[in-house]
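Asker: Okay, handing you the structure first.
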Amino acid sequence: NKIEEAQEHIRQAEKSLKTSLLKWRPDFDVAADEYNKAAVCFRVGKSLEQSKECFLKSSDCYKQNRSWFHAAKCLDQAILVCKDMNKLNEIRQLAEKSCYLYQQHGSPESGSSVCDKAGKILEVSYPEDALHLFKQALEVSMIEDSSRQGAEYASKVARILVKLQMYDQAADAIRREIGLHQQHESYGAIGRLAVALVLVQLARGDYVAAEKAFKEWGNCCDVSEVQTLESLLQAYDDEDPELAQRALSSPFIRHMDVEYAKLSREIPLPKGLQAAPKANVIENATASYVSPNSGGSNEAPSGGANLDDDEEEEGGLC
């Protein structure tokens, strides 16, 4: 029985933490190992809450002995248990602590990796928490001057910002990602990001910034991308919604990352040029003009005063 086995490991851990006259200091190494074994047994026995608690206790014991790496590994396991329990709201804090411990140990790559893994778990249900973790992974990778890995994290940051419709920050994140790709001369990736940046600027309603982005990075785009972006920007310049819709429906835009493909369907189209409205004519606003040479008329002018019949018989109009 795995539950009973786990409880025995807990008893051994608690025993090792006790002190006496001959034992002045708790044996944290033994306790950490026993709590770790208990956590694994509880997880196998489907007692997930107890498993998480034992992983946390094991991590605390490792920290007492300054075993930062093993303490971080226990928190990694606790993250997976929280995922199994669907307690996703606890994952961000555990990932941040684990990343810090990995950095203390001198393993920043492992720290950024745990933030990345936790961010993927939270991306759908808790995108704001995932955004924070991806940003932390990016900052840790940049401290280690790992620009290639940093570009990957920057891409995830930009995509979540687009998903959250935080377009100002998304534009900054894309420019940062472009800068990281420049260090490795990845011109194909820069060309695709130029398209993404134009879309984000149009979503912001800033046509001038979109045109500036194309002029700055358009030389990295391939022929089809250049033609499509030229048509798109021309459509917004001419206020032509049909041309803009055709450009946004181009195949390579539809096959971009999901967030950018969705964004292309949400960008407001230009409203088109409208003819000036005709002046409204108000009927019978003033009396019609009647020439004095028109002779006697039996009909009174429109809007004028009606004459008496007797006056008409005596001589008509003067």
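Identifiers for the structure tokens are assigned positionally: chains receive A, B, ... in sequence, residues are indexed from 1 per chain, and ligands are indexed from 1 in the order shown.
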If we count only C-alpha atoms, what is near segment 84-101 of chain A at a cut-off of 6 Å, once residues fewer than 5 positions away on the same chain are taken out, given as a list of chain:residue names?
Answerer: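 The residues satisfying every condition are A:Trp68, A:Ala72, A:Leu75, A:Ile79, A:Gly111, A:Cys115.
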Asker: Take the residues that were just selected and, keeping N, CA and C atoms, output them as a tab-separated table (two decimals), in the first residue's frame.
Answerer:
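Generated output (selection_24.tsv):
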```tsv
chain	number	residue	atom	x	y	z
A	68	TRP	N	20.46	24.15	-3.07
A	68	TRP	CA	19.50	24.95	-3.85
A	68	TRP	C	18.93	24.17	-5.04
A	72	ALA	N	14.98	23.31	-5.63
A	72	ALA	CA	14.24	23.75	-6.82
A	72	ALA	C	13.56	22.58	-7.52
A	75	LEU	N	10.29	21.74	-5.98
A	75	LEU	CA	9.24	22.68	-6.37
A	75	LEU	C	8.75	22.39	-7.78
A	79	ILE	N	4.85	21.65	-8.86
A	79	ILE	CA	4.12	22.29	-9.96
A	79	ILE	C	3.32	21.25	-10.75
A	111	GLY	N	16.40	27.64	-14.56
A	111	GLY	CA	15.42	28.59	-14.03
A	111	GLY	C	14.49	29.12	-15.11
A	115	CYS	N	10.25	28.35	-15.75
A	115	CYS	CA	9.28	29.42	-16.02
A	115	CYS	C	8.56	29.17	-17.34
```
Asker: Interatomic distance between atom CA of Glu152 of chain A and atom CA of Ala247 of chain A?
Answerer: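 Value for the atom CA of Glu152 of chain A-atom CA of Ala247 of chain A distance: 27.8 Å.
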Asker: Identify, on the basis of only C-alpha atoms, every residue whose closest approach to Gly188 of chain A does not exceed 8 Å; exclude the query and any residue fewer than 5 positions from it along the same chain; express the result as a ChimeraX atom specification.
Answerer: /A:220-222
Asker: With N, CA, C and O atoms retained, export the selected residues as a compact mmCIF listing (two decimals), in the first residue's frame.
Answerer:
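Writing done, so here's result10.txt:
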```txt
# COMPACT_ATOMS: atom_id res chain seq x y z
N CYS A 220 13.75 42.72 -45.36
CA CYS A 220 13.97 41.34 -44.90
C CYS A 220 12.83 40.41 -45.31
O CYS A 220 12.92 39.20 -45.09
N CYS A 221 11.76 40.97 -45.88
CA CYS A 221 10.60 40.16 -46.28
C CYS A 221 10.86 39.52 -47.64
O CYS A 221 11.63 40.04 -48.46
N ASP A 222 10.19 38.39 -47.90
CA ASP A 222 10.29 37.80 -49.22
C ASP A 222 9.31 38.50 -50.16
O ASP A 222 8.55 39.40 -49.77
```
Asker: Go ahead and compute the interatomic distance for atom CA of Arg265 of chain A and atom CA of Gln234 of chain A, in Å to one decimal.
Answerer: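 These two atoms are separated by 18.2 Å.
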Asker: Provide the atom CA of Ala210 of chain A to atom CA of His181 of chain A distance in Å, to one decimal place.
Answerer: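 If I compute the distance from atom CA of Ala210 of chain A to atom CA of His181 of chain A, I get 20.0 Å.
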Asker: Write down as an NGL selection string the residues belonging to segment 54-256 of chain A that are assigned alpha helix (DSSP H) by DSSP computed on the backbone.
Answerer: :A and (54-64 or 68-85 or 91-105 or 108-122 or 127-143 or 147-163 or 167-182 or 187-203 or 207-217 or 223-237 or 241-248 or 251-254)
Asker: Could you give me, as CSV, a per-residue list for segment 24-65 of chain A showing, wherever an atom lies at most 7 Å from an atom of segment 9-13 of chain A, the closest pair of atoms and their distance in Å to one decimal, using only C-alpha atoms and sorting by chain then residue number from low to high?
Answerer:
```
residue,atom,partner,partner_atom,distance
A:Val30,CA,A:Ala13,CA,6.7
A:Ala31,CA,A:Ala13,CA,4.1
A:Glu34,CA,A:His9,CA,5.2
A:Tyr35,CA,A:Ile10,CA,6.0
A:Lys37,CA,A:His9,CA,6.7
A:Ala38,CA,A:His9,CA,5.4
```
Asker: Could you tell me which of A:Arg176, A:Arg192, A:Arg204, A:Lys18 comes closest to Val223 of chain A if we count only C-alpha atoms?
Answerer: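 The answer is A:Arg192, which sits nearest to Val223 of chain A.
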